[in-house]
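Q: What follows is start00.cif, mmCIF, C-alpha atoms.
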```
data_structure
#
loop_
_atom_site.label_atom_id
_atom_site.label_comp_id
_atom_site.auth_asym_id
_atom_site.auth_seq_id
_atom_site.Cartn_x
_atom_site.Cartn_y
_atom_site.Cartn_z
CA MET A 1 114.25 129.95 95.64
CA ASN A 2 115.87 128.12 92.80
CA ILE A 3 112.90 126.87 90.77
CA PHE A 4 115.05 124.75 88.48
CA LYS A 5 116.86 122.99 91.32
CA GLU A 6 113.81 122.52 93.53
CA TYR A 7 111.12 121.64 91.02
CA ILE A 8 112.24 121.16 87.42
CA LEU A 9 115.33 119.04 88.13
CA PRO A 10 113.42 116.60 90.40
CA ALA A 11 110.69 116.23 87.75
CA ILE A 12 113.33 115.49 85.10
CA VAL A 13 115.00 112.93 87.41
CA TYR A 14 111.67 111.16 88.06
CA ILE A 15 110.84 111.08 84.37
CA LEU A 16 114.30 109.70 83.52
CA ILE A 17 114.03 106.96 86.17
CA ALA A 18 110.55 106.13 84.87
CA ALA A 19 111.93 105.95 81.34
CA VAL A 20 114.66 103.53 82.46
CA LEU A 21 112.05 101.35 84.19
CA ILE A 22 109.85 101.31 81.09
CA PHE A 23 112.89 100.53 78.92
CA GLY A 24 113.68 97.58 81.22
CA MET A 25 110.11 96.32 81.02
CA GLN A 26 110.31 96.38 77.22
CA PHE A 27 113.04 93.74 77.51
CA ILE A 28 110.91 91.66 79.86
CA ALA A 29 108.06 91.93 77.35
CA GLN A 30 110.24 89.99 74.86
CA THR A 31 110.84 86.99 77.13
CA ASP A 32 109.19 83.55 77.00
CA TRP A 33 107.42 84.38 80.26
CA ALA A 34 105.82 87.42 78.63
CA ALA A 35 104.77 85.25 75.67
CA GLY A 36 103.01 82.90 78.10
CA VAL A 37 101.29 85.82 79.83
CA ARG A 38 100.28 87.22 76.43
CA GLU A 39 98.73 83.91 75.39
CA THR A 40 96.76 83.58 78.64
CA THR A 41 95.54 87.17 78.66
CA ALA A 42 94.53 87.13 75.00
CA ASN A 43 91.73 84.69 75.85
CA THR A 44 90.57 86.62 78.92
CA PRO A 45 87.78 89.16 78.36
CA PRO A 46 88.47 92.73 79.60
CA GLU A 47 87.27 93.39 83.16
CA ILE A 48 86.04 96.92 82.52
CA GLY A 49 83.06 97.80 80.41
CA PRO A 50 81.04 100.95 79.81
CA VAL A 51 79.48 103.16 82.50
CA PRO A 52 76.54 101.45 84.31
CA ALA A 53 73.40 102.20 82.33
CA THR A 54 70.69 101.19 84.77
CA LEU A 55 70.17 101.71 88.49
CA VAL A 56 70.69 97.99 89.16
CA GLU A 57 73.96 98.03 87.21
CA PHE A 58 75.04 101.15 89.07
CA LEU A 59 74.28 99.66 92.47
CA THR A 60 76.06 96.42 91.54
CA SER A 61 79.13 98.37 90.39
CA LEU A 62 79.02 100.48 93.53
CA ALA A 63 78.92 97.35 95.69
CA ILE A 64 81.82 95.75 93.78
CA SER A 65 83.87 98.95 94.00
CA THR A 66 83.20 99.35 97.72
CA VAL A 67 84.25 95.76 98.45
CA ARG A 68 87.36 96.17 96.27
CA MET A 69 88.36 99.42 97.97
CA THR A 70 87.73 97.98 101.43
CA LEU A 71 89.78 94.86 100.76
CA LEU A 72 92.60 96.36 98.71
CA ILE A 73 93.12 99.71 100.47
CA GLY A 74 91.19 99.53 103.75
CA LEU A 75 92.47 96.17 104.90
CA PRO A 76 96.21 96.92 104.49
CA PHE A 77 95.54 100.32 106.03
CA ALA A 78 93.93 98.74 109.10
CA ILE A 79 96.58 96.02 109.46
CA THR A 80 99.49 98.46 109.15
CA SER A 81 97.81 100.87 111.53
CA THR A 82 97.41 98.13 114.14
CA ILE A 83 101.03 97.03 113.71
CA LEU A 84 102.27 100.62 114.04
CA LYS A 85 100.22 101.21 117.19
CA ARG A 86 101.63 98.06 118.79
CA THR A 87 105.24 98.66 117.79
CA GLN A 88 105.21 102.36 118.72
CA ARG A 89 103.59 101.81 122.12
CA PRO A 90 105.84 103.33 124.80
CA MET B 1 107.38 111.03 102.85
CA GLN B 2 107.42 113.02 106.02
CA SER B 3 108.22 116.68 106.15
CA PRO B 4 108.22 119.18 108.97
CA VAL B 5 104.66 120.27 109.69
CA LYS B 6 105.37 123.94 110.25
CA LYS B 7 108.08 124.35 107.65
CA SER B 8 106.07 126.65 105.49
CA PHE B 9 102.41 127.42 105.98
CA GLY B 10 101.64 127.89 102.30
CA LEU B 11 103.61 124.89 101.09
CA THR B 12 102.27 122.52 103.75
CA GLN B 13 98.74 123.64 103.04
CA PHE B 14 99.26 123.17 99.32
CA LYS B 15 100.79 119.73 99.92
CA LEU B 16 97.81 118.73 102.04
CA PHE B 17 95.22 119.70 99.45
CA LEU B 18 97.31 118.20 96.68
CA ASP B 19 97.57 114.93 98.61
CA LEU B 20 93.82 114.93 99.18
CA ALA B 21 93.31 115.48 95.46
CA VAL B 22 95.74 112.64 94.69
CA LEU B 23 93.82 110.40 97.10
CA ALA B 24 90.46 111.30 95.57
CA LEU B 25 91.78 110.76 92.04
CA PHE B 26 93.45 107.48 93.03
CA ILE B 27 90.16 106.17 94.40
CA THR B 28 88.28 107.37 91.30
CA VAL B 29 90.81 105.68 89.02
CA ASN B 30 90.41 102.45 90.94
CA ILE B 31 86.65 102.18 90.60
CA PRO B 32 86.50 101.54 86.84
CA GLN B 33 83.31 99.52 87.30
CA LEU B 34 81.60 102.81 88.16
CA THR B 35 83.40 105.24 85.88
CA GLY B 36 83.51 102.97 82.84
CA LEU B 37 86.58 102.39 80.71
CA ALA B 38 86.67 105.83 79.11
CA GLY B 39 86.24 107.61 82.46
CA HIS B 40 88.93 105.40 84.00
CA GLU B 41 91.41 106.31 81.28
CA TRP B 42 90.76 110.06 81.28
CA VAL B 43 90.91 110.32 85.07
CA SER B 44 94.15 108.29 85.01
CA PHE B 45 95.73 110.80 82.63
CA VAL B 46 94.63 113.63 84.92
CA PHE B 47 96.02 111.72 87.94
CA ALA B 48 99.54 111.57 86.47
CA ALA B 49 100.06 115.35 86.84
CA PRO B 50 99.31 115.79 90.58
CA PHE B 51 101.19 112.54 91.22
CA LEU B 52 104.31 114.04 89.64
CA VAL B 53 103.83 117.26 91.63
CA HIS B 54 103.44 115.16 94.81
CA LEU B 55 106.82 113.55 94.07
CA VAL B 56 108.48 116.86 93.23
CA LEU B 57 107.25 118.48 96.46
CA ASN B 58 108.72 115.60 98.47
CA TRP B 59 112.03 115.75 96.63
CA LYS B 60 113.95 117.10 99.64
CA TRP B 61 112.82 114.20 101.83
CA ILE B 62 113.77 111.71 99.10
CA VAL B 63 117.21 113.27 98.62
CA SER B 64 117.84 113.41 102.38
CA VAL B 65 116.87 109.76 102.83
CA PHE B 66 118.74 108.47 99.77
CA SER B 67 121.85 110.41 100.71
CA ARG B 68 121.89 108.17 103.80
CA LEU B 69 121.20 104.99 101.81
CA PHE B 70 124.01 102.99 103.39
CA LYS B 71 123.93 104.75 106.75
CA LYS B 72 121.88 103.98 109.81
CA LEU B 73 118.30 105.23 109.57
CA PRO B 74 115.37 104.89 111.97
CA GLY B 75 113.35 101.76 111.21
CA GLU B 76 110.23 103.61 110.06
CA THR B 77 112.21 105.93 107.80
CA ARG B 78 114.03 102.96 106.23
CA PHE B 79 110.75 101.16 105.68
CA ASN B 80 109.26 104.31 104.13
CA GLN B 81 112.27 104.62 101.85
CA ILE B 82 111.94 101.05 100.54
CA TRP B 83 108.14 101.15 100.38
CA ASP B 84 107.95 104.48 98.55
CA THR B 85 110.59 103.33 96.06
CA LEU B 86 108.57 100.21 95.30
CA LEU B 87 105.43 102.31 95.09
CA PHE B 88 107.09 104.64 92.58
CA ILE B 89 108.22 101.69 90.44
CA MET B 90 104.75 100.14 90.54
CA MET B 91 103.02 103.42 89.81
CA THR B 92 105.30 104.08 86.83
CA LEU B 93 104.63 100.65 85.37
CA VAL B 94 100.88 100.87 85.99
CA ILE B 95 100.68 104.30 84.32
CA PHE B 96 102.79 103.16 81.36
CA SER B 97 100.98 99.84 80.88
CA GLY B 98 97.64 101.62 81.24
CA THR B 99 98.63 104.12 78.57
CA VAL B 100 99.66 101.48 76.03
CA VAL B 101 96.44 99.51 76.50
CA SER B 102 94.23 102.59 76.22
CA GLU B 103 91.08 101.79 74.24
CA ALA B 104 89.26 105.10 74.62
CA ALA B 105 91.43 108.08 75.59
CA LEU B 106 94.38 107.64 73.21
CA PRO B 107 92.20 106.78 70.18
CA ALA B 108 90.11 109.87 70.99
CA LEU B 109 93.34 111.89 70.76
CA GLY B 110 94.07 110.31 67.39
CA ILE B 111 96.75 107.95 68.74
CA HIS B 112 96.16 104.34 67.79
CA ILE B 113 98.33 101.65 69.40
CA GLU B 114 97.96 97.93 68.81
CA ILE B 115 97.07 96.56 72.24
CA ASP B 116 99.46 93.95 73.59
CA PRO B 117 97.70 91.54 76.01
CA PHE B 118 100.95 91.32 78.01
CA TRP B 119 100.64 94.97 79.06
CA ARG B 120 96.95 94.48 79.88
CA SER B 121 97.91 91.64 82.23
CA ILE B 122 100.69 93.70 83.80
CA HIS B 123 98.33 96.65 84.20
CA THR B 124 95.59 94.65 85.94
CA GLY B 125 97.92 92.68 88.21
CA MET B 126 100.09 95.61 89.23
CA ALA B 127 97.13 97.94 89.75
CA ASN B 128 95.66 95.56 92.32
CA LEU B 129 99.02 95.20 94.05
CA LEU B 130 99.44 98.98 93.93
CA MET B 131 96.19 99.47 95.85
CA LEU B 132 97.41 97.14 98.60
CA MET B 133 100.67 99.07 98.78
CA PHE B 134 98.84 102.39 98.73
CA GLY B 135 96.86 101.36 101.82
CA VAL B 136 100.12 100.89 103.72
CA HIS B 137 101.56 104.15 102.33
CA LEU B 138 98.46 105.98 103.52
CA THR B 139 98.81 104.57 107.05
CA LEU B 140 102.46 105.58 107.27
CA HIS B 141 101.55 109.20 106.55
CA TRP B 142 98.14 109.23 108.23
CA LYS B 143 99.38 111.20 111.20
CA TRP B 144 100.72 113.95 108.94
CA ILE B 145 97.47 114.02 106.96
CA THR B 146 95.16 114.17 110.00
CA THR B 147 97.32 116.72 111.85
CA ASN B 148 97.42 119.07 108.88
CA PHE B 149 93.82 118.42 107.94
CA ARG B 150 92.76 119.56 111.40
CA ARG B 151 95.10 122.53 111.21
CA TYR B 152 94.38 123.79 107.70
CA ALA B 153 91.05 122.34 106.59
CA LEU B 154 89.17 122.33 109.89
CA LYS B 155 91.35 125.07 111.43
CA THR B 156 90.92 123.54 114.88
CA SER B 157 94.50 123.91 116.14
#
```
Hey, can you dump this file as C-alpha coordinates for me?

A:
Amino acid sequence: MNIFKEYILPAIVYILIAAVLIFGMQFIAQTDWAAGVRETTANTPPEIGPVPATLVEFLTSLAISTVRMTLLIGLPFAITSTILKRTQRP
Amino acid sequence: MQSPVKKSFGLTQFKLFLDLAVLALFITVNIPQLTGLAGHEWVSFVFAAPFLVHLVLNWKWIVSVFSRLFKKLPGETRFNQIWDTLLFIMMTLVIFSGTVVSEAALPALGIHIEIDPFWRSIHTGMANLLMLMFGVHLTLHWKWITTNFRRYALKTS
(Lines of atoms letter the chains of each structure in order from A and count residues from 1; the text may use other names and numbers.)
(Lines give C-alpha, C1' and ligand atoms only; values in the text may rest on other atoms or scores of the structure.)
Protein backbone atom coordinates (compact mmCIF):
# COMPACT_ATOMS: atom_id res chain seq x y z
CA MET A 1 0.00 0.00 0.00
CA ASN A 2 1.38 3.33 -1.02
CA ILE A 3 0.58 5.55 1.97
CA PHE A 4 1.65 8.73 0.20
CA LYS A 5 -0.48 8.09 -2.89
CA GLU A 6 -3.53 6.81 -1.03
CA TYR A 7 -3.67 9.10 1.98
CA ILE A 8 -1.18 11.98 2.04
CA LEU A 9 -1.60 13.10 -1.57
CA PRO A 10 -5.43 13.24 -1.32
CA ALA A 11 -5.18 15.26 1.90
CA ILE A 12 -2.79 17.70 0.21
CA VAL A 13 -5.13 18.00 -2.79
CA TYR A 14 -8.13 18.72 -0.53
CA ILE A 15 -6.20 21.32 1.43
CA LEU A 16 -5.00 23.00 -1.78
CA ILE A 17 -8.53 23.13 -3.22
CA ALA A 18 -9.76 24.53 0.11
CA ALA A 19 -7.01 27.15 0.00
CA VAL A 20 -8.06 28.19 -3.52
CA LEU A 21 -11.68 28.49 -2.39
CA ILE A 22 -10.70 30.60 0.61
CA PHE A 23 -8.46 32.76 -1.60
CA GLY A 24 -11.44 33.32 -3.94
CA MET A 25 -13.68 34.26 -1.02
CA GLN A 26 -11.13 36.85 0.09
CA PHE A 27 -11.77 38.64 -3.22
CA ILE A 28 -15.53 38.45 -2.69
CA ALA A 29 -15.00 39.91 0.78
CA GLN A 30 -13.68 43.09 -0.89
CA THR A 31 -16.76 43.70 -3.05
CA ASP A 32 -19.57 46.22 -2.52
CA TRP A 33 -21.91 43.32 -1.79
CA ALA A 34 -19.66 42.21 1.07
CA ALA A 35 -19.60 45.79 2.38
CA GLY A 36 -23.41 45.76 2.47
CA VAL A 37 -23.43 42.41 4.27
CA ARG A 38 -20.82 43.72 6.72
CA GLU A 39 -22.93 46.78 7.51
CA THR A 40 -26.08 44.72 8.09
CA THR A 41 -24.37 42.08 10.21
CA ALA A 42 -22.50 44.61 12.33
CA ASN A 43 -25.82 45.70 13.85
CA THR A 44 -27.07 42.15 14.42
CA PRO A 45 -26.35 40.63 17.84
CA PRO A 46 -24.59 37.21 17.83
CA GLU A 47 -26.97 34.25 17.90
CA ILE A 48 -24.89 32.10 20.23
CA GLY A 49 -24.29 32.85 23.86
CA PRO A 50 -22.82 30.93 26.78
CA VAL A 51 -23.83 27.43 27.91
CA PRO A 52 -27.37 27.33 29.45
CA ALA A 53 -27.01 28.07 33.14
CA THR A 54 -30.41 27.03 34.47
CA LEU A 55 -32.68 24.06 33.83
CA VAL A 56 -35.22 26.30 32.07
CA GLU A 57 -32.51 27.71 29.80
CA PHE A 58 -31.25 24.21 29.11
CA LEU A 59 -34.71 22.91 28.22
CA THR A 60 -35.37 25.94 26.01
CA SER A 61 -32.04 25.41 24.20
CA LEU A 62 -32.77 21.72 23.85
CA ALA A 63 -36.17 22.48 22.31
CA ILE A 64 -34.68 25.04 19.89
CA SER A 65 -31.89 22.63 18.90
CA THR A 66 -34.31 19.75 18.37
CA VAL A 67 -36.58 21.86 16.15
CA ARG A 68 -33.55 23.17 14.21
CA MET A 69 -32.15 19.67 13.67
CA THR A 70 -35.55 18.30 12.66
CA LEU A 71 -36.18 21.07 10.15
CA LEU A 72 -32.69 21.49 8.74
CA ILE A 73 -31.47 17.87 8.64
CA GLY A 74 -34.52 15.67 9.23
CA LEU A 75 -36.81 17.33 6.72
CA PRO A 76 -34.43 17.19 3.71
CA PHE A 77 -33.57 13.65 4.78
CA ALA A 78 -37.23 12.62 4.74
CA ILE A 79 -38.00 14.41 1.46
CA THR A 80 -34.98 12.94 -0.35
CA SER A 81 -35.73 9.52 1.06
CA THR A 82 -39.30 9.67 -0.26
CA ILE A 83 -38.13 10.87 -3.67
CA LEU A 84 -35.53 8.08 -3.86
CA LYS A 85 -38.06 5.42 -2.91
CA ARG A 86 -40.45 6.62 -5.62
CA THR A 87 -37.84 6.99 -8.35
CA GLN A 88 -36.12 3.67 -7.58
CA ARG A 89 -39.35 1.67 -7.43
CA PRO A 90 -39.11 -1.22 -9.90
CA MET B 1 -19.56 8.46 -1.70
CA GLN B 2 -20.31 4.84 -2.22
CA SER B 3 -17.73 2.12 -1.94
CA PRO B 4 -17.96 -1.63 -2.17
CA VAL B 5 -19.30 -3.00 1.10
CA LYS B 6 -17.03 -6.03 1.33
CA LYS B 7 -13.92 -4.44 -0.11
CA SER B 8 -11.98 -4.67 3.08
CA PHE B 9 -13.42 -5.67 6.42
CA GLY B 10 -11.12 -3.48 8.48
CA LEU B 11 -11.37 -0.42 6.26
CA THR B 12 -15.15 -0.59 5.89
CA GLN B 13 -15.55 -1.01 9.61
CA PHE B 14 -13.24 1.92 10.26
CA LYS B 15 -15.11 4.03 7.70
CA LEU B 16 -18.41 3.20 9.37
CA PHE B 17 -17.28 4.22 12.84
CA LEU B 18 -15.54 7.28 11.47
CA ASP B 19 -18.73 8.31 9.65
CA LEU B 20 -20.75 7.80 12.82
CA ALA B 21 -18.24 9.97 14.69
CA VAL B 22 -18.47 12.62 11.95
CA LEU B 23 -22.27 12.51 12.21
CA ALA B 24 -22.21 12.83 16.01
CA LEU B 25 -19.71 15.69 15.86
CA PHE B 26 -21.67 17.42 13.08
CA ILE B 27 -24.83 17.33 15.20
CA THR B 28 -22.92 18.55 18.27
CA VAL B 29 -21.41 21.42 16.28
CA ASN B 30 -24.84 22.41 15.07
CA ILE B 31 -26.46 22.74 18.48
CA PRO B 32 -24.53 25.79 19.69
CA GLN B 33 -27.50 26.84 21.81
CA LEU B 34 -26.73 23.83 24.00
CA THR B 35 -22.95 23.70 23.86
CA GLY B 36 -22.39 27.44 24.13
CA LEU B 37 -20.04 29.43 21.92
CA ALA B 38 -16.81 28.05 23.37
CA GLY B 39 -18.02 24.44 23.14
CA HIS B 40 -19.20 25.05 19.58
CA GLU B 41 -15.80 26.34 18.53
CA TRP B 42 -13.73 23.61 20.19
CA VAL B 43 -15.92 20.82 18.85
CA SER B 44 -15.73 22.42 15.38
CA PHE B 45 -11.93 22.29 15.49
CA VAL B 46 -12.09 18.63 16.52
CA PHE B 47 -14.61 17.96 13.71
CA ALA B 48 -12.21 19.19 11.00
CA ALA B 49 -9.84 16.22 11.49
CA PRO B 50 -12.28 13.29 11.03
CA PHE B 51 -13.91 15.25 8.20
CA LEU B 52 -10.58 15.35 6.36
CA VAL B 53 -10.03 11.64 7.05
CA HIS B 54 -13.56 10.94 5.73
CA LEU B 55 -12.61 12.71 2.49
CA VAL B 56 -9.25 10.95 2.23
CA LEU B 57 -10.84 7.51 2.71
CA ASN B 58 -13.29 8.24 -0.11
CA TRP B 59 -10.56 9.50 -2.42
CA LYS B 60 -10.78 6.50 -4.77
CA TRP B 61 -14.51 7.04 -5.32
CA ILE B 62 -13.91 10.75 -5.97
CA VAL B 63 -11.11 10.05 -8.45
CA SER B 64 -13.15 7.38 -10.23
CA VAL B 65 -16.16 9.67 -10.56
CA PHE B 66 -14.20 12.77 -11.58
CA SER B 67 -12.19 10.81 -14.13
CA ARG B 68 -15.57 10.29 -15.85
CA LEU B 69 -16.60 13.93 -15.47
CA PHE B 70 -17.64 14.36 -19.10
CA LYS B 71 -18.71 10.76 -19.66
CA LYS B 72 -22.05 9.15 -19.07
CA LEU B 73 -22.69 8.30 -15.42
CA PRO B 74 -25.73 6.81 -13.69
CA GLY B 75 -28.11 9.53 -12.52
CA GLU B 76 -27.59 8.91 -8.80
CA THR B 77 -23.80 8.85 -9.16
CA ARG B 78 -23.87 12.14 -11.11
CA PHE B 79 -26.10 13.71 -8.50
CA ASN B 80 -23.78 12.48 -5.74
CA GLN B 81 -20.80 13.92 -7.58
CA ILE B 82 -22.36 17.39 -7.88
CA TRP B 83 -23.87 17.32 -4.38
CA ASP B 84 -20.69 16.18 -2.65
CA THR B 85 -18.65 18.81 -4.51
CA LEU B 86 -21.03 21.53 -3.33
CA LEU B 87 -20.96 20.07 0.16
CA PHE B 88 -17.16 20.17 0.19
CA ILE B 89 -17.15 23.82 -0.96
CA MET B 90 -19.72 24.76 1.67
CA MET B 91 -17.95 22.85 4.42
CA THR B 92 -14.63 24.51 3.56
CA LEU B 93 -16.15 27.97 3.67
CA VAL B 94 -18.06 27.27 6.89
CA ILE B 95 -14.92 25.96 8.61
CA PHE B 96 -12.82 28.89 7.39
CA SER B 97 -15.41 31.56 8.22
CA GLY B 98 -15.98 29.93 11.60
CA THR B 99 -12.27 30.00 12.33
CA VAL B 100 -11.85 33.70 11.50
CA VAL B 101 -14.82 34.70 13.67
CA SER B 102 -13.67 32.61 16.63
CA GLU B 103 -14.29 34.46 19.89
CA ALA B 104 -13.27 31.76 22.35
CA ALA B 105 -11.04 29.00 20.93
CA LEU B 106 -8.50 31.05 18.95
CA PRO B 107 -8.06 33.71 21.69
CA ALA B 108 -7.56 30.86 24.18
CA LEU B 109 -4.72 29.65 21.94
CA GLY B 110 -3.24 33.15 21.96
CA ILE B 111 -4.40 33.99 18.42
CA HIS B 112 -6.33 37.24 18.24
CA ILE B 113 -8.09 38.12 14.98
CA GLU B 114 -10.23 41.20 14.43
CA ILE B 115 -13.68 39.79 13.69
CA ASP B 116 -15.13 40.80 10.34
CA PRO B 117 -18.97 40.82 10.41
CA PHE B 118 -18.95 39.69 6.76
CA TRP B 119 -17.46 36.32 7.74
CA ARG B 120 -19.92 36.00 10.63
CA SER B 121 -22.79 36.45 8.16
CA ILE B 122 -21.26 33.96 5.73
CA HIS B 123 -20.71 31.49 8.56
CA THR B 124 -24.28 31.64 9.86
CA GLY B 125 -25.95 31.56 6.44
CA MET B 126 -23.79 28.81 5.00
CA ALA B 127 -23.97 26.68 8.14
CA ASN B 128 -27.76 26.58 7.92
CA LEU B 129 -27.60 25.73 4.22
CA LEU B 130 -24.96 23.10 4.96
CA MET B 131 -27.31 21.33 7.38
CA LEU B 132 -30.00 21.14 4.69
CA MET B 133 -27.46 19.71 2.25
CA PHE B 134 -26.14 17.31 4.87
CA GLY B 135 -29.64 15.85 5.31
CA VAL B 136 -29.71 14.97 1.61
CA HIS B 137 -26.13 13.62 1.73
CA LEU B 138 -27.11 11.38 4.63
CA THR B 139 -30.09 9.97 2.73
CA LEU B 140 -27.99 9.20 -0.34
CA HIS B 141 -25.65 7.06 1.76
CA TRP B 142 -28.21 5.77 4.27
CA LYS B 143 -28.31 2.33 2.72
CA TRP B 144 -24.55 1.95 3.07
CA ILE B 145 -24.68 3.18 6.67
CA THR B 146 -27.54 0.91 7.76
CA THR B 147 -26.16 -2.16 5.94
CA ASN B 148 -22.74 -1.79 7.52
CA PHE B 149 -24.13 -0.77 10.88
CA ARG B 150 -26.09 -4.02 10.99
CA ARG B 151 -23.06 -5.97 9.81
CA TYR B 152 -20.35 -4.46 12.00
CA ALA B 153 -22.03 -2.74 14.94
CA LEU B 154 -24.97 -5.08 15.52
CA LYS B 155 -23.27 -8.06 13.83
CA THR B 156 -26.62 -9.35 12.62
CA SER B 157 -25.61 -10.39 9.09

Q: Can you turn the PyMOL selection byres ((chain A) within 9 of (chain B)) into a concrete residue list for this file, as JSON, numbers by chain?

A: {"A": [6, 7, 8, 9, 10, 11, 14, 15, 17, 18, 19, 21, 22, 25, 29, 34, 35, 36, 37, 38, 39, 40, 41, 42, 46, 47, 48, 49, 50, 51, 52, 58, 60, 61, 62, 64, 65, 66, 68, 69, 71, 72, 73, 74, 75, 76, 77, 78, 79, 80, 81, 84]}

Q: Please write out, as AutoDock Vina command-line options, where the centre of an axis-aligned box around all listed atoms of segment 23-40 of chain B lies and how long its edges are, in Å to one decimal, after adding 6 Å on each side.

A:
```
--center_x 87.7 --center_y 105.4 --center_z 88.1 --size_x 24.2 --size_y 23.8 --size_z 30.0
```

Q: Given the file shown, determine the residues that the PyMOL selection byres ((chain B and resi 8-20) around 12) selects; report them as a ChimeraX atom specification.

A: /B:1-7,21-27,47,49-58,138,141-155

Q: Rounded to one decimal, what separation in Å do you get between atom CA of Leu87 of chain B and atom CA of Gly24 of chain A?

A: 16.8 Å
